[in-house]
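Shown next, in structure tokens, is the structure this report addresses.
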Amino acid sequence: MSMSAAARPTLRQWLGAENPASRLQALCGSLFRMLSAIARNPLALVGLAIVVALVLVALFAPLLAHGVSPLAQDLPARLSPPGAAHWFGTDELGRDIFSRTVYGARVTLVIVALVAAVVVPIGLAVGTTAGYLGSAVDMVLMRITDIFLAFPRLVLALAFAAALGPGIENAVIAISLTAWPPYARLARAETVTIAKSDFIAAVVLQGASTSRILLRHIVPLCISSVIVRLTLDMAGIILTAAGLGFLGLGAQPPTPEWGAMVSSGRDVILDQWWVATIPGIAIFIVSLGFNLLGDGLRDAFDPRSR
Amino acid sequence: MTSIAGEATSSVGAGSGHDRTGSEAIGFLSRLITRAVTLVGSLLLTFLGLTAVTFCIGRFIPIDPVVAVVGDRATREVYEAARTAMGLDRSIPMQYLIYLKKVLSGDLGNSVITSHPVLADLIHFFPATFELATIATLIGVAIGVPAGVMAAAKQGRPFDHVVRLVGLFGYSMPVFWLGLVGLFLFYGKLGWVLGPGRIDAFYEDIVNPVTGVILIDSALAGEWDIFRNAFGHLILPAALLGYLSLAYIARMTRSFMIDQLRQEYVTAALIKGRSFQGAVWRHAFPNIMVALITVIGLSYAALLEGAVLTETVFAWPGLGLYITRSLFNADMNAVLGGTLVVGTVFIGINLFCDFLYRLADPRLREA
């Protein structure tokens, strides 16, 4: 074996290395394996495309809506059917439903991102602490988790949303408060296995503090399963948020939120079907996308389900 | 029909069966007692937690419950008197203890809106939800379980893909939207089903509410017109919730079955000459029963909790509609009572599943 051949591995070899030399290489490698697993699964690829499309639509909403404001009212043209002037028709205040649907992607994306940002740290903190410290701490934390699990999710979210007052921020808090327990369970289960491994014993002997072990050694190993679970949960989060919006406890008018838009079309469903139907289709497509992607990720990460 | 798992089970059963000595019997008894105590203890803890959470939510609702009773034009004296009468001037822990004592004696307070006791209201509204949830779960189990098993048996073939897609669609569908579209198509355009509500006003309060479940009551009274009317109202929301429950049950059944079919005992049974269908239904299927009961229990509980959105869309007078309507009217007692009852139902279903496990899996009977 010559030196020159060993010195410059191809990109593919570098990404697929068994023993990565740096943190960066390990990260790129696992990202590459994930993407290639998704690329081999056509349904997951469709899911990924839908999620990417959601992000793009949210980013370029003003461009896609051709400058038509989602809030601009045109009362003479109210409830006009889909056509050349209004691709998806207009609602009861003459607002363009296409523009509102496009802008609604922003609201959905914001809700989903905020819930993820709240739920993952809480779940990881509770789960890894309970799993690593064990005994009394474990029992107390898991009991609390069980209590939250024992509640009907939507009813609890409703109660919170009603207690805090309607609005997007409060809907996010309400959903997060009901969505974290499964993550705590998951992180705890992972932690219990990881905590028994030799490398944890090794860092304990080296004198690492508990918080360092949790943050630097256990949490990074829990992340991948948490992300898979999160992708699978996204659909549920979107549906709960839309449900709260439908009941009037989520985004407030005139925000173009899909659930609230369906609700506003409720009274005219028999005569002007498009008002309620089109935003509903948007909700359906986006949650289907997250479900397909999540399924693909789970198949790629969990060898048992293959 | 002896599988490897079956043999293992029977040998365990024989070991603890007839030659049990005195000390073993005592050990068995003490295990049983420990089990019962842990079970009751954890149930009590969960129940206490439930009441604590409902109590806390009730405390930080920004709407003043006193104003909800006396109105915002009441004088200072009337307001203070009502506040004292409602016990809101005591300390928070004291209020919780009073609340707990009342809950345990079955007193959930009076609903401000209907001015009936909340418990009576809940008992009045529960049968509607029960009727809907039970029929939906029956649909889900009757179709979902066989579909999931067959999809697993034909893994990777077209039937499997169809079941997976039907499941995924059910998972991704906003239920309130599906309800509206269903009403638009089957009620508005085709006229195959009856509209929102549980029964036509014309038929209301004719049959004696023995069980509160209209289908059973009208059948008992022999009022078949009413039965047909109630059925026409029920079929669409029940089919819709049944589809959601089917999607979940089929998906879980499929993944449990795939796990089992990969086990060696299935291969062993096939080598011994069992037909593939026989191996699937007689060997693998019994082994997923425990997991399946959990899944069915969970989905039933979720439906019993009052499919809030479905009940809203179909104006179905059940728990979900009662809780949401109370929420919007700041009827704290009704909301908290409803949430508490729903949580308790959930605990009850868990307990019932725990009991069913023992019937389904002989290995758990001795544990």
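Going through the structure tokens in order, the chains are called A, B, and so on, while each chain numbers its residues from 1 and the ligands are numbered from 1 in the order shown.
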Please build the interface table for chain B against chain A with a cut-off of 9 Å, listing for each qualifying residue the nearest atom pair and the distance in Å to one decimal; count only C-alpha atoms, order rows by chain and increasing number, and write it as a tab-separated table.
residue	atom	partner	partner_atom	distance
B:Ser42	CA	A:Arg143	CA	8.5
B:Leu45	CA	A:Arg143	CA	8.0
B:Thr46	CA	A:Ile147	CA	5.6
B:Phe47	CA	A:Ile147	CA	8.1
B:Gly49	CA	A:Ile147	CA	6.0
B:Leu50	CA	A:Ile147	CA	6.4
B:Val53	CA	A:Ile147	CA	8.7
B:Thr54	CA	A:Ala159	CA	8.9
B:Ile57	CA	A:Ala163	CA	6.7
B:Gly58	CA	A:Ala163	CA	7.7
B:Arg59	CA	A:Ala163	CA	8.9
B:Phe60	CA	A:Ala163	CA	6.4
B:Ile61	CA	A:Ala163	CA	4.1
B:Pro62	CA	A:Ala163	CA	6.3
B:Ile63	CA	A:Ala163	CA	7.9
B:Leu168	CA	A:Leu288	CA	7.0
B:Phe169	CA	A:Leu288	CA	6.8
B:Tyr171	CA	A:Leu288	CA	7.7
B:Ser172	CA	A:Leu288	CA	5.0
B:Met173	CA	A:Phe284	CA	5.2
B:Pro174	CA	A:Leu239	CA	5.8
B:Val175	CA	A:Leu239	CA	8.4
B:Phe176	CA	A:Gly243	CA	7.3
B:Trp177	CA	A:Gly280	CA	5.7
B:Leu178	CA	A:Gly280	CA	8.2
B:Leu180	CA	A:Arg266	CA	7.1
B:Val181	CA	A:Thr277	CA	7.0
B:Leu183	CA	A:Leu270	CA	8.3
B:Phe184	CA	A:Leu270	CA	5.5
B:Leu185	CA	A:Leu270	CA	8.6
B:Gly188	CA	A:Leu270	CA	5.9
B:Lys189	CA	A:Leu270	CA	8.0
B:Ser255	CA	A:Ser305	CA	7.3
B:Ile258	CA	A:Ser305	CA	8.0
B:Asp259	CA	A:Ser305	CA	7.6
B:Ala301	CA	A:Pro152	CA	8.6
B:Ala302	CA	A:Pro152	CA	6.8
B:Glu305	CA	A:Pro152	CA	6.4
B:Gly306	CA	A:Val155	CA	8.5
B:Ala307	CA	A:Leu154	CA	8.8
B:Val308	CA	A:Val155	CA	7.5
B:Leu309	CA	A:Gly243	CA	7.0
B:Thr312	CA	A:Leu247	CA	8.4
B:Val313	CA	A:Arg266	CA	8.6
B:Gly320	CA	A:Val155	CA	8.1
B:Ile323	CA	A:Val155	CA	8.1
B:Thr324	CA	A:Leu158	CA	7.8
B:Leu327	CA	A:Ala162	CA	6.6
B:Phe328	CA	A:Ala162	CA	7.5
B:Ala330	CA	A:Ala162	CA	8.5
B:Val335	CA	A:Ala159	CA	7.7
B:Leu336	CA	A:Ala159	CA	8.5
B:Thr339	CA	A:Val155	CA	7.1
B:Leu340	CA	A:Phe151	CA	8.8
B:Val342	CA	A:Pro152	CA	7.3
B:Gly343	CA	A:Phe151	CA	5.5
B:Thr344	CA	A:Ala150	CA	8.6
B:Phe346	CA	A:Ala150	CA	6.5
B:Ile347	CA	A:Ala150	CA	7.1
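Interatomic distance, CA of Gln13 (chain A) against CA of Arg216 (chain A): 27.4 Å.
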*asked:* Considering only C-alpha atoms, can you say which of B:Leu48, B:Thr114, B:Cys56, B:Glu77 comes closest to Leu100 (chain B)?
replied: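 Using only C-alpha atoms, Leu100 (chain B) sits closest to B:Leu48.
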Would you pick out the contacts of Val102 (chain A) at 9 Å or less, using only C-alpha atoms, so that residues sharing its chain but fewer than 5 positions from it are not included, and give the list as JSON, numbers by chain?
{"A": [57, 58, 60, 61, 62, 64, 65, 70, 97, 256]}
Selection near region 204-209 of chain B, 10 Å with only C-alpha atoms, sequence-local residues under 2 positions removed, as a list in words
Arg198, Ile199, Asp200, Ala201, Phe202, Thr211, Gly212, Val213, Ile214, Ile216, Asp217, Ser218, Ala219, Leu220, Ala221, Gly222, Glu223 and Ile226 of chain B
Create the file for the chosen residues now, containing N, CA and C atoms and written as a PDB file, in the first residue's frame.
ATOM      1  N   ARG B 198     -77.649  14.283  17.672  1.00  0.00           N
ATOM      2  CA  ARG B 198     -77.679  12.875  18.016  1.00  0.00           C
ATOM      3  C   ARG B 198     -78.988  12.230  17.569  1.00  0.00           C
ATOM      4  N   ILE B 199     -80.040  13.040  17.522  1.00  0.00           N
ATOM      5  CA  ILE B 199     -81.354  12.527  17.144  1.00  0.00           C
ATOM      6  C   ILE B 199     -82.194  13.726  16.732  1.00  0.00           C
ATOM      7  N   ASP B 200     -83.164  13.548  15.817  1.00  0.00           N
ATOM      8  CA  ASP B 200     -84.017  14.666  15.412  1.00  0.00           C
ATOM      9  C   ASP B 200     -84.827  15.170  16.610  1.00  0.00           C
ATOM     10  N   ALA B 201     -85.042  16.486  16.635  1.00  0.00           N
ATOM     11  CA  ALA B 201     -85.772  17.100  17.748  1.00  0.00           C
ATOM     12  C   ALA B 201     -87.138  16.434  17.918  1.00  0.00           C
ATOM     13  N   PHE B 202     -87.718  16.029  16.798  1.00  0.00           N
ATOM     14  CA  PHE B 202     -89.029  15.392  16.778  1.00  0.00           C
ATOM     15  C   PHE B 202     -89.084  14.143  17.661  1.00  0.00           C
ATOM     16  N   THR B 211     -80.475   3.316  29.771  1.00  0.00           N
ATOM     17  CA  THR B 211     -79.012   3.316  29.803  1.00  0.00           C
ATOM     18  C   THR B 211     -78.446   4.657  29.362  1.00  0.00           C
ATOM     19  N   GLY B 212     -79.244   5.472  28.688  1.00  0.00           N
ATOM     20  CA  GLY B 212     -78.733   6.727  28.146  1.00  0.00           C
ATOM     21  C   GLY B 212     -78.176   6.544  26.746  1.00  0.00           C
ATOM     22  N   VAL B 213     -77.933   5.294  26.357  1.00  0.00           N
ATOM     23  CA  VAL B 213     -77.468   5.021  25.002  1.00  0.00           C
ATOM     24  C   VAL B 213     -78.710   4.855  24.126  1.00  0.00           C
ATOM     25  N   ILE B 214     -78.919   5.808  23.200  1.00  0.00           N
ATOM     26  CA  ILE B 214     -80.196   5.845  22.481  1.00  0.00           C
ATOM     27  C   ILE B 214     -80.459   4.565  21.692  1.00  0.00           C
ATOM     28  N   ILE B 216     -79.630   1.509  22.328  1.00  0.00           N
ATOM     29  CA  ILE B 216     -80.101   0.427  23.200  1.00  0.00           C
ATOM     30  C   ILE B 216     -81.486   0.753  23.744  1.00  0.00           C
ATOM     31  N   ASP B 217     -81.671   2.006  24.192  1.00  0.00           N
ATOM     32  CA  ASP B 217     -82.958   2.396  24.773  1.00  0.00           C
ATOM     33  C   ASP B 217     -84.100   2.215  23.785  1.00  0.00           C
ATOM     34  N   SER B 218     -83.883   2.678  22.533  1.00  0.00           N
ATOM     35  CA  SER B 218     -84.978   2.610  21.566  1.00  0.00           C
ATOM     36  C   SER B 218     -85.244   1.163  21.171  1.00  0.00           C
ATOM     37  N   ALA B 219     -84.175   0.350  21.109  1.00  0.00           N
ATOM     38  CA  ALA B 219     -84.375  -1.053  20.778  1.00  0.00           C
ATOM     39  C   ALA B 219     -85.150  -1.745  21.894  1.00  0.00           C
ATOM     40  N   LEU B 220     -84.833  -1.396  23.150  1.00  0.00           N
ATOM     41  CA  LEU B 220     -85.537  -1.982  24.291  1.00  0.00           C
ATOM     42  C   LEU B 220     -87.018  -1.625  24.246  1.00  0.00           C
ATOM     43  N   ALA B 221     -87.299  -0.365  23.856  1.00  0.00           N
ATOM     44  CA  ALA B 221     -88.679   0.092  23.829  1.00  0.00           C
ATOM     45  C   ALA B 221     -89.386  -0.353  22.562  1.00  0.00           C
ATOM     46  N   GLY B 222     -88.643  -0.940  21.636  1.00  0.00           N
ATOM     47  CA  GLY B 222     -89.241  -1.386  20.383  1.00  0.00           C
ATOM     48  C   GLY B 222     -89.587  -0.251  19.446  1.00  0.00           C
ATOM     49  N   GLU B 223     -88.996   0.933  19.668  1.00  0.00           N
ATOM     50  CA  GLU B 223     -89.266   2.094  18.806  1.00  0.00           C
ATOM     51  C   GLU B 223     -88.272   2.096  17.645  1.00  0.00           C
ATOM     52  N   ILE B 226     -87.183   5.452  15.911  1.00  0.00           N
ATOM     53  CA  ILE B 226     -86.193   6.226  16.651  1.00  0.00           C
ATOM     54  C   ILE B 226     -84.826   5.594  16.489  1.00  0.00           C
TER      55      ILE B 226
END
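Of the residues listed (B:Leu303, B:Ala279, B:Ala153, B:Met257), B:Leu303 shows the shortest atom-to-atom separation from Ile135 (chain B); distances use only C-alpha atoms.
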Can you pull out every residue within 9 Å of Asn350 (chain B), counting only C-alpha atoms, but drop anything in the same chain fewer than 4 positions away, and send it as a list of chain:residue names?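 Contacts, with the query itself left out: B:Thr294, B:Gly297, B:Leu298, B:Ala301, B:Val345, B:Phe346, B:Asp354, B:Phe355.
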Could you write those residues out with C-alpha atoms, as a short mmCIF file (atom, residue, chain, number, x, y, z; two decimals), in the first residue's frame?
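Everything below was put into selection_29.cif:
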data_model
loop_
_atom_site.label_atom_id
_atom_site.label_comp_id
_atom_site.auth_asym_id
_atom_site.auth_seq_id
_atom_site.Cartn_x
_atom_site.Cartn_y
_atom_site.Cartn_z
CA THR B 294 -52.70 -1.94 25.29
CA GLY B 297 -57.24 0.27 25.31
CA LEU B 298 -55.33 3.45 24.57
CA ALA B 301 -59.58 5.73 26.10
CA VAL B 345 -61.64 6.91 33.09
CA PHE B 346 -58.15 6.69 31.64
CA ASP B 354 -53.85 -4.89 33.23
CA PHE B 355 -56.53 -7.43 34.10
#
request  = Within region 208-286 of chain B, find each residue whose DSSP state, derived from the backbone, is helix (DSSP H, G or I), and express the selection as a VMD selection string.
outcome  = chain B and resid 214 to 221 224 to 261 264 to 271 276 to 286
Selection to disk with C-alpha atoms, as a tab-separated table (two decimals), in the first residue's frame:
chain	number	residue	atom	x	y	z
B	214	ILE	CA	-80.20	5.85	22.48
B	215	LEU	CA	-79.60	2.82	20.26
B	216	ILE	CA	-80.10	0.43	23.20
B	217	ASP	CA	-82.96	2.40	24.77
B	218	SER	CA	-84.98	2.61	21.57
B	219	ALA	CA	-84.38	-1.05	20.78
B	220	LEU	CA	-85.54	-1.98	24.29
B	221	ALA	CA	-88.68	0.09	23.83
B	224	TRP	CA	-87.56	1.19	15.56
B	225	ASP	CA	-88.24	4.59	13.93
B	226	ILE	CA	-86.19	6.23	16.65
B	227	PHE	CA	-83.52	3.55	16.36
B	228	ARG	CA	-83.20	4.22	12.61
B	229	ASN	CA	-83.06	7.97	13.16
B	230	ALA	CA	-80.40	7.70	15.85
B	231	PHE	CA	-78.42	5.30	13.67
B	232	GLY	CA	-78.56	7.74	10.74
B	233	HIS	CA	-77.08	10.44	12.94
B	234	LEU	CA	-74.49	8.16	14.48
B	235	ILE	CA	-73.10	6.43	11.43
B	236	LEU	CA	-71.01	9.26	9.99
B	237	PRO	CA	-69.16	10.40	13.15
B	238	ALA	CA	-68.73	6.78	14.23
B	239	ALA	CA	-67.33	5.76	10.85
B	240	LEU	CA	-64.98	8.71	10.92
B	241	LEU	CA	-63.63	8.01	14.39
B	242	GLY	CA	-63.62	4.33	13.48
B	243	TYR	CA	-61.33	5.13	10.57
B	244	LEU	CA	-58.89	7.00	12.80
B	245	SER	CA	-58.92	4.19	15.34
B	246	LEU	CA	-58.53	1.65	12.53
B	247	ALA	CA	-55.51	3.50	11.16
B	248	TYR	CA	-53.78	3.39	14.54
B	249	ILE	CA	-54.73	-0.21	15.37
B	250	ALA	CA	-53.79	-1.56	11.92
B	251	ARG	CA	-50.43	0.18	12.00
B	252	MET	CA	-49.52	-1.09	15.46
B	253	THR	CA	-50.82	-4.62	14.75
B	254	ARG	CA	-48.70	-4.74	11.61
B	255	SER	CA	-45.52	-3.75	13.39
B	256	PHE	CA	-46.13	-6.17	16.32
B	257	MET	CA	-46.81	-9.01	13.89
B	258	ILE	CA	-43.70	-8.30	11.84
B	259	ASP	CA	-41.66	-8.56	15.04
B	260	GLN	CA	-43.25	-11.92	15.91
B	261	LEU	CA	-43.07	-13.43	12.42
B	264	GLU	CA	-37.55	-18.58	15.45
B	265	TYR	CA	-40.65	-20.32	16.79
B	266	VAL	CA	-42.51	-19.32	13.64
B	267	THR	CA	-39.79	-20.88	11.50
B	268	ALA	CA	-39.93	-23.97	13.72
B	269	ALA	CA	-43.70	-24.26	13.28
B	270	LEU	CA	-43.36	-23.89	9.52
B	271	ILE	CA	-40.66	-26.58	9.39
B	276	PHE	CA	-48.29	-20.26	6.80
B	277	GLN	CA	-51.77	-18.98	7.70
B	278	GLY	CA	-51.81	-21.38	10.65
B	279	ALA	CA	-48.45	-20.12	11.87
B	280	VAL	CA	-49.64	-16.55	11.56
B	281	TRP	CA	-52.95	-16.92	13.36
B	282	ARG	CA	-52.32	-19.76	15.84
B	283	HIS	CA	-48.69	-19.13	16.78
B	284	ALA	CA	-47.71	-15.52	16.15
B	285	PHE	CA	-51.06	-13.81	16.76
B	286	PRO	CA	-51.59	-14.96	20.39
Considering only C-alpha atoms, return as a compact mmCIF listing (two decimals) with C-alpha atoms, in the first residue's frame whatever protein or nucleic-acid residues lie within 9 Å of Arg229 (chain A), sequence-local ones (same chain, fewer than 2 positions apart) excluded.
# COMPACT_ATOMS: atom_id res chain seq x y z
CA PRO A 182 -43.03 10.73 25.72
CA TYR A 183 -39.62 12.39 25.22
CA LEU A 186 -37.65 7.84 25.63
CA SER A 224 -30.91 10.78 17.26
CA SER A 225 -33.82 8.79 18.68
CA VAL A 226 -35.39 12.00 19.97
CA ILE A 227 -35.20 13.53 16.49
CA THR A 231 -40.43 13.98 13.22
CA LEU A 232 -43.10 11.35 13.83
CA ASP A 233 -44.75 13.63 16.40
CA MET A 234 -44.74 16.70 14.16
CA GLY A 294 -40.59 10.18 10.20
CA ARG A 298 -37.32 5.37 11.96
Q | Exercise: region 14-20 of chain A partners within 6 Å, only C-alpha atoms, chain neighbours under 4 positions left out, as a PyMOL selection string | A | chain A and resi 25-26+29
Could you dump the residues just selected with N, CA and C atoms as a short mmCIF file (atom, residue, chain, number, x, y, z; two decimals), in the first residue's frame?
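Saved result, again.cif, follows:
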data_model
loop_
_atom_site.label_atom_id
_atom_site.label_comp_id
_atom_site.auth_asym_id
_atom_site.auth_seq_id
_atom_site.Cartn_x
_atom_site.Cartn_y
_atom_site.Cartn_z
N GLN A 25 -16.15 15.03 11.26
CA GLN A 25 -16.26 13.92 10.33
C GLN A 25 -17.36 12.96 10.77
N ALA A 26 -17.46 12.70 12.07
CA ALA A 26 -18.49 11.81 12.59
C ALA A 26 -19.88 12.36 12.28
N GLY A 29 -20.61 12.17 8.61
CA GLY A 29 -20.82 10.78 8.26
C GLY A 29 -22.21 10.32 8.60
#
One decimal place gives the CA of Val66 (chain B)-CA of Arg83 (chain B) separation as 6.0 Å
Exercise for review: Could you tell me which of B:Arg76, B:Cys353, B:Ile98, B:Lys272 comes closest to Leu292 (chain B) if we count only C-alpha atoms?
Suggested key: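 Of all the options, B:Cys353 lies closest to Leu292 (chain B).
Of the residues under consideration (A:Val68, A:Val137, A:Ala77, A:Ala184), A:Val68 shows the shortest atom-to-atom contact distance to Arg100 (chain A) when counting only C-alpha atoms.
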**Q.** Computed interatomic separation between CA of Val126 (chain A) and CA of Asp138 (chain A) (Å)
**A.**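 Computing the Euclidean distance for CA of Val126 (chain A) and CA of Asp138 (chain A) yields 9.0 Å.
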